[in-house]
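File shown: work24.pdb (PDB, C-alpha atoms).
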ATOM      1  CA  MET A   1      16.293  -5.220  24.987
ATOM      2  CA  ILE A   2      12.603  -5.325  24.063
ATOM      3  CA  LEU A   3      11.110  -6.210  20.698
ATOM      4  CA  GLN A   4       7.463  -6.986  21.324
ATOM      5  CA  ASP A   5       4.114  -6.668  19.540
ATOM      6  CA  PHE A   6       0.867  -5.740  21.279
ATOM      7  CA  LEU A   7      -2.720  -5.929  20.065
ATOM      8  CA  PRO A   8      -4.504  -2.563  19.963
ATOM      9  CA  SER A   9      -7.714  -1.971  21.867
ATOM     10  CA  PRO A  10     -10.792  -3.369  20.038
ATOM     11  CA  SER A  11     -12.073   0.129  19.265
ATOM     12  CA  LEU A  12      -8.899   0.889  17.290
ATOM     13  CA  ARG A  13      -8.581  -2.250  15.187
ATOM     14  CA  ASP A  14     -10.237  -0.862  12.064
ATOM     15  CA  PHE A  15      -7.316   1.578  11.947
ATOM     16  CA  VAL A  16      -4.440  -0.127  13.800
ATOM     17  CA  ARG A  17      -2.908  -3.555  13.115
ATOM     18  CA  LYS A  18      -0.551  -3.672  16.098
ATOM     19  CA  HIS A  19       1.693  -1.717  18.435
ATOM     20  CA  GLN A  20       5.369  -2.623  18.320
ATOM     21  CA  VAL A  21       7.661  -1.639  21.176
ATOM     22  CA  ILE A  22      11.381  -1.511  20.352
ATOM     23  CA  ARG A  23      13.924  -0.800  23.098
ATOM     24  CA  PHE A  24      17.689  -1.135  22.889
ATOM     25  CA  GLN A  25      20.171   0.082  25.481
ATOM     26  CA  PHE A  26      23.848  -0.245  24.597
ATOM     27  CA  CYS A  27      26.884   0.306  26.808
ATOM     28  CA  PRO A  28      29.176   3.275  26.010
ATOM     29  CA  THR A  29      31.825   0.912  24.641
ATOM     30  CA  ASP A  30      29.456  -1.130  22.443
ATOM     31  CA  ILE A  31      29.621  -0.883  18.682
ATOM     32  CA  ILE A  32      26.014  -0.414  17.594
ATOM     33  CA  PRO A  33      25.151  -2.363  14.432
ATOM     34  CA  ALA A  34      22.874  -0.825  11.825
ATOM     35  CA  LYS A  35      19.517  -2.414  11.031
ATOM     36  CA  VAL A  36      18.946  -3.194   7.353
ATOM     37  CA  TYR A  37      15.170  -2.871   7.046
ATOM     38  CA  ALA A  38      13.436  -4.753   4.253
ATOM     39  CA  PRO A  39      10.199  -3.525   2.609
ATOM     40  CA  ARG A  40       7.061  -4.475   4.532
ATOM     41  CA  PRO A  41       3.361  -3.928   3.801
ATOM     42  CA  GLU A  42       2.947  -1.213   6.406
ATOM     43  CA  THR A  43       2.533   2.454   7.092
ATOM     44  CA  CYS A  44       3.330   3.594  10.611
ATOM     45  CA  LEU A  45       3.040   6.329  13.200
ATOM     46  CA  VAL A  46       6.192   6.166  15.323
ATOM     47  CA  PHE A  47       6.963   7.847  18.641
ATOM     48  CA  TYR A  48      10.700   8.022  19.419
ATOM     49  CA  LEU A  49      10.908   8.393  23.190
ATOM     50  CA  ARG A  50      14.673   8.519  23.707
ATOM     51  CA  ASP A  51      17.386   8.750  21.024
ATOM     52  CA  LEU A  52      16.382   9.284  17.411
ATOM     53  CA  GLN A  53      17.585   7.314  14.409
ATOM     54  CA  ASP A  54      19.236   8.130  11.097
ATOM     55  CA  VAL A  55      17.973   6.335   8.000
ATOM     56  CA  VAL A  56      19.992   5.787   4.844
ATOM     57  CA  TYR A  57      18.144   4.853   1.640
ATOM     58  CA  LEU A  58      20.422   2.275   0.050
ATOM     59  CA  ASP A  59      19.141   2.857  -3.492
ATOM     60  CA  SER A  60      20.293   6.480  -3.461
ATOM     61  CA  ASP A  61      22.398   7.043  -0.306
ATOM     62  CA  ARG A  62      19.778   9.594   0.737
ATOM     63  CA  LEU A  63      20.026  10.305   4.485
ATOM     64  CA  ALA A  64      16.960  11.094   6.601
ATOM     65  CA  LEU A  65      16.999  12.050  10.287
ATOM     66  CA  HIS A  66      13.682  10.949  11.710
ATOM     67  CA  PRO A  67      11.743  13.515  13.754
ATOM     68  CA  ARG A  68      10.502  12.513  17.188
ATOM     69  CA  CYS A  69       7.000  11.731  15.850
ATOM     70  CA  THR A  70       7.109  10.210  12.388
ATOM     71  CA  LEU A  71       4.604   9.156   9.768
ATOM     72  CA  THR A  72       6.214   6.501   7.592
ATOM     73  CA  GLY A  73       4.790   5.839   4.139
ATOM     74  CA  GLN A  74       4.706   2.479   2.393
ATOM     75  CA  HIS A  75       8.269   1.506   1.502
ATOM     76  CA  THR A  76       9.400  -0.626  -1.426
ATOM     77  CA  VAL A  77      13.146  -0.083  -0.950
ATOM     78  CA  VAL A  78      15.681  -1.229   1.627
ATOM     79  CA  THR A  79      16.783   1.261   4.284
ATOM     80  CA  LYS A  80      19.620   1.138   6.786
ATOM     81  CA  ARG A  81      18.604   2.396  10.217
ATOM     82  CA  CYS A  82      21.235   3.658  12.650
ATOM     83  CA  ILE A  83      20.035   4.051  16.230
ATOM     84  CA  GLY A  84      21.390   5.715  19.370
ATOM     85  CA  ARG A  85      22.611   4.034  22.535
ATOM     86  CA  ASP A  86      19.299   4.499  24.332
ATOM     87  CA  PHE A  87      16.634   3.769  21.756
ATOM     88  CA  TRP A  88      12.953   3.416  22.604
ATOM     89  CA  ALA A  89      10.295   3.565  19.924
ATOM     90  CA  VAL A  90       6.567   2.877  20.065
ATOM     91  CA  GLN A  91       5.607   2.034  16.502
ATOM     92  CA  ILE A  92       1.929   2.066  15.609
ATOM     93  CA  VAL A  93       1.526  -0.182  12.574
ATOM     94  CA  LEU A  94      -1.585   1.122  10.857
ATOM     95  CA  GLN A  95      -4.102  -0.703   8.736
ATOM     96  CA  PRO A  96      -2.997  -0.149   5.127
ATOM     97  CA  SER A  97      -5.482   2.625   4.308
ATOM     98  CA  ALA A  98      -5.695   4.138   7.800
ATOM     99  CA  LEU A  99      -3.217   6.926   7.118
ATOM    100  CA  TYR A 100      -5.376   8.144   4.242
ATOM    101  CA  LEU A 101      -8.560   7.864   6.306
ATOM    102  CA  LEU A 102      -7.050   9.765   9.247
ATOM    103  CA  THR A 103      -5.337  12.561   7.335
ATOM    104  CA  GLY A 104      -6.885  12.748   3.864
ATOM    105  CA  ILE A 105      -3.337  12.791   2.442
ATOM    106  CA  PRO A 106      -2.881  10.648  -0.694
ATOM    107  CA  VAL A 107      -0.479   8.068   0.704
ATOM    108  CA  SER A 108       1.190   7.784  -2.711
ATOM    109  CA  GLU A 109       2.747  11.201  -1.956
ATOM    110  CA  ILE A 110       4.829   9.731   0.876
ATOM    111  CA  THR A 111       5.766   6.349  -0.602
ATOM    112  CA  ASN A 112       9.387   5.625   0.403
ATOM    113  CA  LYS A 113       9.350   8.762   2.575
ATOM    114  CA  VAL A 114       8.794   9.867   6.149
ATOM    115  CA  ILE A 115       7.160  13.087   7.303
ATOM    116  CA  ASP A 116       6.958  14.859  10.641
ATOM    117  CA  ALA A 117       3.664  13.905  12.300
ATOM    118  CA  GLU A 118       3.620  17.290  14.032
ATOM    119  CA  ALA A 119       2.976  18.828  10.608
ATOM    120  CA  ILE A 120      -0.380  17.021  10.670
ATOM    121  CA  TRP A 121      -1.408  17.003  14.335
ATOM    122  CA  GLY A 122       0.674  19.853  15.768
ATOM    123  CA  SER A 123       0.576  20.552  19.491
ATOM    124  CA  GLU A 124      -1.754  17.613  20.180
ATOM    125  CA  ILE A 125       0.739  14.954  19.141
ATOM    126  CA  ARG A 126       3.611  16.974  20.625
ATOM    127  CA  ALA A 127       1.899  16.891  24.036
ATOM    128  CA  THR A 128       1.270  13.153  23.700
ATOM    129  CA  HIS A 129       4.929  12.542  22.843
ATOM    130  CA  GLU A 130       6.050  14.560  25.863
ATOM    131  CA  GLN A 131       3.811  12.543  28.194
ATOM    132  CA  MET A 132       5.046   9.262  26.698
ATOM    133  CA  SER A 133       8.687  10.347  26.990
ATOM    134  CA  ASN A 134       8.226  11.156  30.685
ATOM    135  CA  SER A 135       7.054   7.612  31.396
ATOM    136  CA  ASN A 136       9.164   4.493  31.875
ATOM    137  CA  SER A 137       6.154   2.181  31.568
ATOM    138  CA  ILE A 138       5.444   0.394  28.294
ATOM    139  CA  GLU A 139       1.790  -0.022  29.257
ATOM    140  CA  GLU A 140       1.389   3.681  30.049
ATOM    141  CA  ALA A 141       3.154   4.723  26.833
ATOM    142  CA  ILE A 142       0.824   2.539  24.764
ATOM    143  CA  CYS A 143      -2.208   3.826  26.679
ATOM    144  CA  LEU A 144      -1.217   7.448  25.955
ATOM    145  CA  ALA A 145      -0.684   6.629  22.270
ATOM    146  CA  GLU A 146      -4.091   4.965  22.110
ATOM    147  CA  ARG A 147      -5.813   7.978  23.642
ATOM    148  CA  PHE A 148      -4.280  10.121  20.913
ATOM    149  CA  LEU A 149      -5.374   7.639  18.253
ATOM    150  CA  GLU A 150      -8.938   7.572  19.571
ATOM    151  CA  ARG A 151      -9.115  11.349  19.231
ATOM    152  CA  ALA A 152      -7.606  11.201  15.735
ATOM    153  CA  ILE A 153     -10.089   8.517  14.659
ATOM    154  CA  ASN A 154     -12.990  10.619  15.909
ATOM    155  CA  LYS A 155     -11.777  13.365  13.556
ATOM    156  CA  ALA A 156     -11.052  11.015  10.622
ATOM    157  CA  ARG A 157     -11.270  12.755   7.252
ATOM    158  CA  SER A 158     -12.896   9.848   5.392
ATOM    159  CA  PRO A 159     -15.239   6.987   6.359
ATOM    160  CA  ILE A 160     -14.181   3.371   5.870
ATOM    161  CA  SER A 161     -15.440   2.015   2.543
ATOM    162  CA  GLY A 162     -15.330  -1.270   0.670
ATOM    163  CA  ILE A 163     -11.946  -0.631  -0.902
ATOM    164  CA  ASP A 164     -10.391  -0.155   2.533
ATOM    165  CA  ARG A 165     -11.182  -3.796   3.319
ATOM    166  CA  ILE A 166      -9.439  -5.103   0.190
ATOM    167  CA  SER A 167      -5.893  -4.621   1.461
ATOM    168  CA  GLY A 168      -6.796  -6.853   4.396
ATOM    169  CA  LEU A 169      -7.780  -9.591   1.971
ATOM    170  CA  ILE A 170      -4.359  -9.331   0.347
ATOM    171  CA  LEU A 171      -2.562  -9.313   3.702
ATOM    172  CA  ASN A 172      -4.285 -12.463   4.896
ATOM    173  CA  SER A 173      -4.624 -14.392   1.641
ATOM    174  CA  THR A 174      -2.538 -17.519   1.123
ATOM    175  CA  VAL A 175      -2.939 -17.350  -2.669
ATOM    176  CA  GLY A 176      -2.625 -14.550  -5.185
ATOM    177  CA  MET A 177      -5.774 -12.652  -6.140
ATOM    178  CA  SER A 178      -6.353 -11.029  -9.527
ATOM    179  CA  VAL A 179      -6.858  -7.270  -9.739
ATOM    180  CA  ASP A 180     -10.165  -7.839 -11.525
ATOM    181  CA  ARG A 181     -11.437  -9.960  -8.645
ATOM    182  CA  LEU A 182     -10.264  -7.424  -6.069
ATOM    183  CA  ALA A 183     -11.927  -4.618  -8.045
ATOM    184  CA  SER A 184     -15.145  -6.620  -8.131
ATOM    185  CA  GLU A 185     -14.967  -7.106  -4.352
ATOM    186  CA  ALA A 186     -14.669  -3.322  -4.003
ATOM    187  CA  CYS A 187     -17.527  -2.735  -6.507
ATOM    188  CA  LEU A 188     -15.258  -0.653  -8.734
ATOM    189  CA  SER A 189     -13.948  -0.860 -12.269
ATOM    190  CA  SER A 190     -10.338  -2.079 -12.541
ATOM    191  CA  ARG A 191      -9.174   1.419 -13.450
ATOM    192  CA  GLN A 192     -10.998   3.092 -10.539
ATOM    193  CA  PHE A 193      -9.812   0.390  -8.182
ATOM    194  CA  HIS A 194      -6.145   0.832  -9.106
ATOM    195  CA  ARG A 195      -6.367   4.621  -8.713
ATOM    196  CA  LYS A 196      -8.166   4.554  -5.377
ATOM    197  CA  PHE A 197      -6.000   1.718  -4.020
ATOM    198  CA  THR A 198      -2.799   3.602  -4.873
ATOM    199  CA  GLU A 199      -4.186   6.779  -3.306
ATOM    200  CA  ARG A 200      -5.008   4.978  -0.063
ATOM    201  CA  ILE A 201      -2.167   2.445   0.229
ATOM    202  CA  GLY A 202       0.664   4.272  -1.506
ATOM    203  CA  ILE A 203       1.380   1.678  -4.211
ATOM    204  CA  GLY A 204      -0.713  -0.314  -6.669
ATOM    205  CA  PRO A 205      -2.400  -3.611  -5.726
ATOM    206  CA  LYS A 206       0.024  -5.838  -7.673
ATOM    207  CA  LEU A 207       3.076  -4.291  -6.043
ATOM    208  CA  PHE A 208       1.397  -4.397  -2.627
ATOM    209  CA  ASP A 209       0.735  -8.114  -3.105
ATOM    210  CA  LYS A 210       4.389  -8.532  -4.079
ATOM    211  CA  VAL A 211       5.536  -6.811  -0.871
ATOM    212  CA  VAL A 212       3.190  -8.997   1.205
ATOM    213  CA  ARG A 213       4.563 -12.189  -0.322
ATOM    214  CA  PHE A 214       8.165 -11.031   0.077
ATOM    215  CA  GLU A 215       7.605 -10.220   3.756
ATOM    216  CA  LYS A 216       6.126 -13.681   4.367
ATOM    217  CA  ALA A 217       9.226 -15.321   2.898
ATOM    218  CA  PHE A 218      11.550 -13.015   4.859
ATOM    219  CA  PHE A 219       9.925 -13.801   8.209
ATOM    220  CA  MET A 220       9.528 -17.508   7.456
ATOM    221  CA  LYS A 221      13.279 -17.809   6.951
ATOM    222  CA  ASN A 222      13.921 -15.878  10.178
ATOM    223  CA  ALA A 223      11.599 -18.193  12.107
ATOM    224  CA  ASN A 224      12.846 -21.376  10.390
ATOM    225  CA  PRO A 225      16.514 -20.940   9.412
ATOM    226  CA  GLN A 226      16.804 -24.665   8.725
ATOM    227  CA  LEU A 227      14.278 -24.488   5.868
ATOM    228  CA  ASP A 228      15.651 -24.414   2.342
ATOM    229  CA  TRP A 229      14.657 -21.558   0.054
ATOM    230  CA  LEU A 230      12.606 -23.721  -2.299
ATOM    231  CA  SER A 231      10.376 -24.868   0.570
ATOM    232  CA  ILE A 232       9.952 -21.264   1.693
ATOM    233  CA  ALA A 233       9.168 -20.149  -1.863
ATOM    234  CA  LEU A 234       6.417 -22.725  -2.331
ATOM    235  CA  ALA A 235       4.937 -22.077   1.132
ATOM    236  CA  CYS A 236       4.703 -18.343   0.415
ATOM    237  CA  GLY A 237       2.978 -18.598  -2.960
ATOM    238  CA  TYR A 238       5.959 -18.398  -5.297
ATOM    239  CA  TYR A 239       6.117 -20.676  -8.332
ATOM    240  CA  ASP A 240       9.681 -21.795  -7.625
ATOM    241  CA  TYR A 241      12.992 -20.623  -6.167
ATOM    242  CA  GLN A 242      13.746 -18.407  -9.175
ATOM    243  CA  HIS A 243      10.468 -16.545  -8.669
ATOM    244  CA  LEU A 244      11.441 -15.882  -5.047
ATOM    245  CA  ALA A 245      14.987 -14.880  -6.011
ATOM    246  CA  LYS A 246      13.606 -12.432  -8.573
ATOM    247  CA  ASP A 247      11.556 -10.637  -5.914
ATOM    248  CA  TYR A 248      14.540 -10.544  -3.523
ATOM    249  CA  LYS A 249      16.610  -8.993  -6.305
ATOM    250  CA  TYR A 250      13.824  -6.485  -7.044
ATOM    251  CA  PHE A 251      13.459  -5.313  -3.442
ATOM    252  CA  THR A 252      16.975  -5.723  -2.018
ATOM    253  CA  GLY A 253      19.337  -6.041  -4.962
ATOM    254  CA  MET A 254      20.613  -9.260  -3.388
ATOM    255  CA  SER A 255      20.016 -12.996  -3.424
ATOM    256  CA  PRO A 256      17.831 -14.504  -0.674
ATOM    257  CA  THR A 257      20.897 -15.955   1.073
ATOM    258  CA  GLY A 258      22.874 -12.737   0.717
ATOM    259  CA  PHE A 259      20.153 -10.603   2.276
ATOM    260  CA  TYR A 260      19.510 -13.156   5.029
ATOM    261  CA  GLU A 261      23.194 -13.026   5.993
ATOM    262  CA  LEU A 262      23.078  -9.220   6.005
ATOM    263  CA  ASP A 263      19.998  -9.280   8.261
ATOM    264  CA  MET A 264      21.944 -11.505  10.672
ATOM    265  CA  GLN A 265      23.910  -8.361  11.641
ATOM    266  CA  ALA A 266      20.811  -6.500  12.942
ATOM    267  CA  PRO A 267      20.910  -4.922  16.453
ATOM    268  CA  GLU A 268      18.520  -7.494  17.942
ATOM    269  CA  ARG A 269      20.966 -10.258  16.991
ATOM    270  CA  ALA A 270      23.431  -8.729  19.477
ATOM    271  CA  PHE A 271      20.889  -9.675  22.178
ATOM    272  CA  GLY A 272      20.274 -13.156  20.785
ATOM    273  CA  VAL A 273      16.839 -12.237  19.402
ATOM    274  CA  VAL A 274      15.490 -12.990  15.934
ATOM    275  CA  GLU A 275      12.706 -10.779  14.567
ATOM    276  CA  VAL A 276       9.795 -12.938  13.463
ATOM    277  CA  LYS A 277       6.212 -12.133  12.587
ATOM    278  CA  LYS A 278       3.764 -13.156  15.288
ATOM    279  CA  ASP A 279       0.131 -13.938  14.542
ATOM    280  CA  LEU A 280      -1.859 -11.329  16.440
ATOM    281  CA  GLN A 281      -5.302 -12.486  15.371
ATOM    282  CA  GLY A 282      -4.469 -12.308  11.692
ATOM    283  CA  VAL A 283      -2.077  -9.322  11.870
TER     284      VAL A 283
END
Full structure transcribed into structure tokens:
Amino acid sequence: MILQDFLPSPSLRDFVRKHQVIRFQFCPTDIIPAKVYAPRPETCLVFYLRDLQDVVYLDSDRLALHPRCTLTGQHTVVTKRCIGRDFWAVQIVLQPSALYLLTGIPVSEITNKVIDAEAIWGSEIRATHEQMSNSNSIEEAICLAERFLERAINKARSPISGIDRISGLILNSTVGMSVDRLASEACLSSRQFHRKFTERIGIGPKLFDKVVRFEKAFFMKNANPQLDWLSIALACGYYDYQHLAKDYKYFTGMSPTGFYELDMQAPERAFGVVEVKKDLQGV
């Protein structure tokens, strides 16, 4: 079992936050648990190198079979991910506006959705996937993915602008920031800022900030199960426990304890591993 994050090459870091390698191999007699996946402030390019996965959207029971190369939009709902017995994914976690910069697609069009990356990059990404699938080396698979990304960046549809830096401020801030202040940082009116932010990130700045704060609480509890929820709430910028519980209810439909217990059934738990967020130079 492998669940490991890797820093991208320096030349890619304006577009890529991290590479995440996920590998599970189950025996034929094993019962494979589903992964309940909470909302995170991320859009991703994912290469599935062995078995694919099915994804159920818990708010609607909508079922999606992921293609072998997937672009995943910003999600604000819980999904249940069901993997195969030999599962190997290389997940490229993009900078929040990178998908817009690379493709020119308004990311708001794929919020809570996935699309086939071959529809964007065609034979080029198909050839990269084939090369990655024929390798058993994590390092080689990442290297091949990075070569593809370098070519995609060289053909980027839009240059990086001031507003593309704002999401990074939200990701790394320890306190909430007003929309007016963020708009001022981007040298835009509040109305322009909200429109352009939603186009690039997939959701508005207030909701994005809410997802960021929720993810911090989620991973803090995973890393520190002995901490009580009030301590976690205050450490993550919530006013009190009720504020935290309200966001948990909004995103998961459950209490913090209820969702934590559900997450305890994730596939990595079968291998004695807890998913936590590692600090990759501010990632």
- Message: To one decimal place in Å, what is the distance between atom CA of A:Leu7 and atom CA of A:Gln20?
- Response: 8.9 Å
- Message: To one decimal place in Å, what is the distance between atom CA of A:Gln91 and atom CA of A:Gly258?
- Response: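 If I compute the distance from atom CA of A:Gln91 to atom CA of A:Gly258, I get 27.7 Å.
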- For atom CA of A:Trp88 and atom CA of A:Arg23, quote the distance in Å rounded to one decimal.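 Rounded to one decimal, the two atoms are 4.4 Å apart.
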- Message: Nearest residue to A:Glu268 out of A:Phe24, A:Phe15, A:Phe87, A:Phe148, using only C-alpha atoms?
- Response: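 Of the candidates, the smallest distance to A:Glu268 is held by A:Phe24.
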- Message: (-13.5, -4.6, -5.3) in this file's frame - what residues fall within 10 Å of it? Use all atoms listed in the file and give the answer as a ChimeraX atom specification.
- Response: /A:162-166,179-190,192-194,197
- Item | Nearest to A:Gly237 by atom-to-atom distance, counting only C-alpha atoms, from A:Ala217, A:Ala152, A:Ala266, A:Leu101 | A:Ala217
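The closest residue to A:Phe259, picked from A:Phe47, A:Tyr100, A:Tyr37, A:Tyr241 and counting only C-alpha atoms, is A:Tyr37.
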- Task: Kindly resolve the PyMOL selection byres ((chain A and resi 19) around 7) on the present coordinates and return the residues as a PyMOL selection string.
- Result: chain A and resi 5-8+18+20-21+90-93
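For the choices A:Thr257, A:Asn136, A:Ser60, A:Ser9, the atom-to-atom distance to A:Phe218 is smallest for A:Thr257 when using only C-alpha atoms.
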- Which of A:Ser161, A:Asn222, A:Gly202, A:Thr103 sits closest to A:Ala119 [using only C-alpha atoms]: A:Thr103
Quick one: axis-aligned box around all listed atoms of stretch 1-9 of chain A, 5 Å on every side, centre and edge lengths in Å to one decimal, written as AutoDock Vina command-line options.
--center_x 4.3 --center_y -4.5 --center_z 22.3 --size_x 34.0 --size_y 15.0 --size_z 15.4
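Closest approach to A:Ala98 among A:Glu150, A:Asp14, A:Asp209, A:Glu215 is made by A:Asp14 (distances from all atoms listed in the file).
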- For A:Pro39, please output as a ChimeraX atom specification all residues within 8 Å (counting only C-alpha atoms; exclusion window: fewer than 5 positions along the same chain). /A:75-78,211,215,251
Restrict the selected residues to C-alpha atoms and save them as an mmCIF file, keeping the file's coordinate frame.
data_model
loop_
_atom_site.group_PDB
_atom_site.id
_atom_site.type_symbol
_atom_site.label_atom_id
_atom_site.label_comp_id
_atom_site.auth_asym_id
_atom_site.auth_seq_id
_atom_site.Cartn_x
_atom_site.Cartn_y
_atom_site.Cartn_z
ATOM 1 C CA HIS A 75 8.269 1.506 1.502
ATOM 2 C CA THR A 76 9.400 -0.626 -1.426
ATOM 3 C CA VAL A 77 13.146 -0.083 -0.950
ATOM 4 C CA VAL A 78 15.681 -1.229 1.627
ATOM 5 C CA VAL A 211 5.536 -6.811 -0.871
ATOM 6 C CA GLU A 215 7.605 -10.220 3.756
ATOM 7 C CA PHE A 251 13.459 -5.313 -3.442
#
- Item | Exercise: A:Glu140 partners within 12 Å, all atoms listed in the file, chain neighbours under 5 positions left out, as an MDAnalysis selection string | chainID A and resid 90 128:129 131:135 145:147
Go ahead and write the residues just picked, C-alpha atoms, as a PDB file, in the frame of the given file.
ATOM      1  CA  VAL A  90       6.567   2.877  20.065  1.00  0.00           C
ATOM      2  CA  THR A 128       1.270  13.153  23.700  1.00  0.00           C
ATOM      3  CA  HIS A 129       4.929  12.542  22.843  1.00  0.00           C
ATOM      4  CA  GLN A 131       3.811  12.543  28.194  1.00  0.00           C
ATOM      5  CA  MET A 132       5.046   9.262  26.698  1.00  0.00           C
ATOM      6  CA  SER A 133       8.687  10.347  26.990  1.00  0.00           C
ATOM      7  CA  ASN A 134       8.226  11.156  30.685  1.00  0.00           C
ATOM      8  CA  SER A 135       7.054   7.612  31.396  1.00  0.00           C
ATOM      9  CA  ALA A 145      -0.684   6.629  22.270  1.00  0.00           C
ATOM     10  CA  GLU A 146      -4.091   4.965  22.110  1.00  0.00           C
ATOM     11  CA  ARG A 147      -5.813   7.978  23.642  1.00  0.00           C
TER      12      ARG A 147
END
- Expansion of the PyMOL selection byres ((chain A and resi 65-70) around 12) into residues, as number ranges by chain: A: 43-57, 62-64, 71-73, 80-84, 87-93, 110, 113-130, 132-133, 145
- Any idea what's packed within 9 Å of A:Arg85, counting only C-alpha atoms, ignoring anything in its chain fewer than 6 positions away? Could you give it as a PyMOL selection string? chain A and resi 24-28+30+32+51
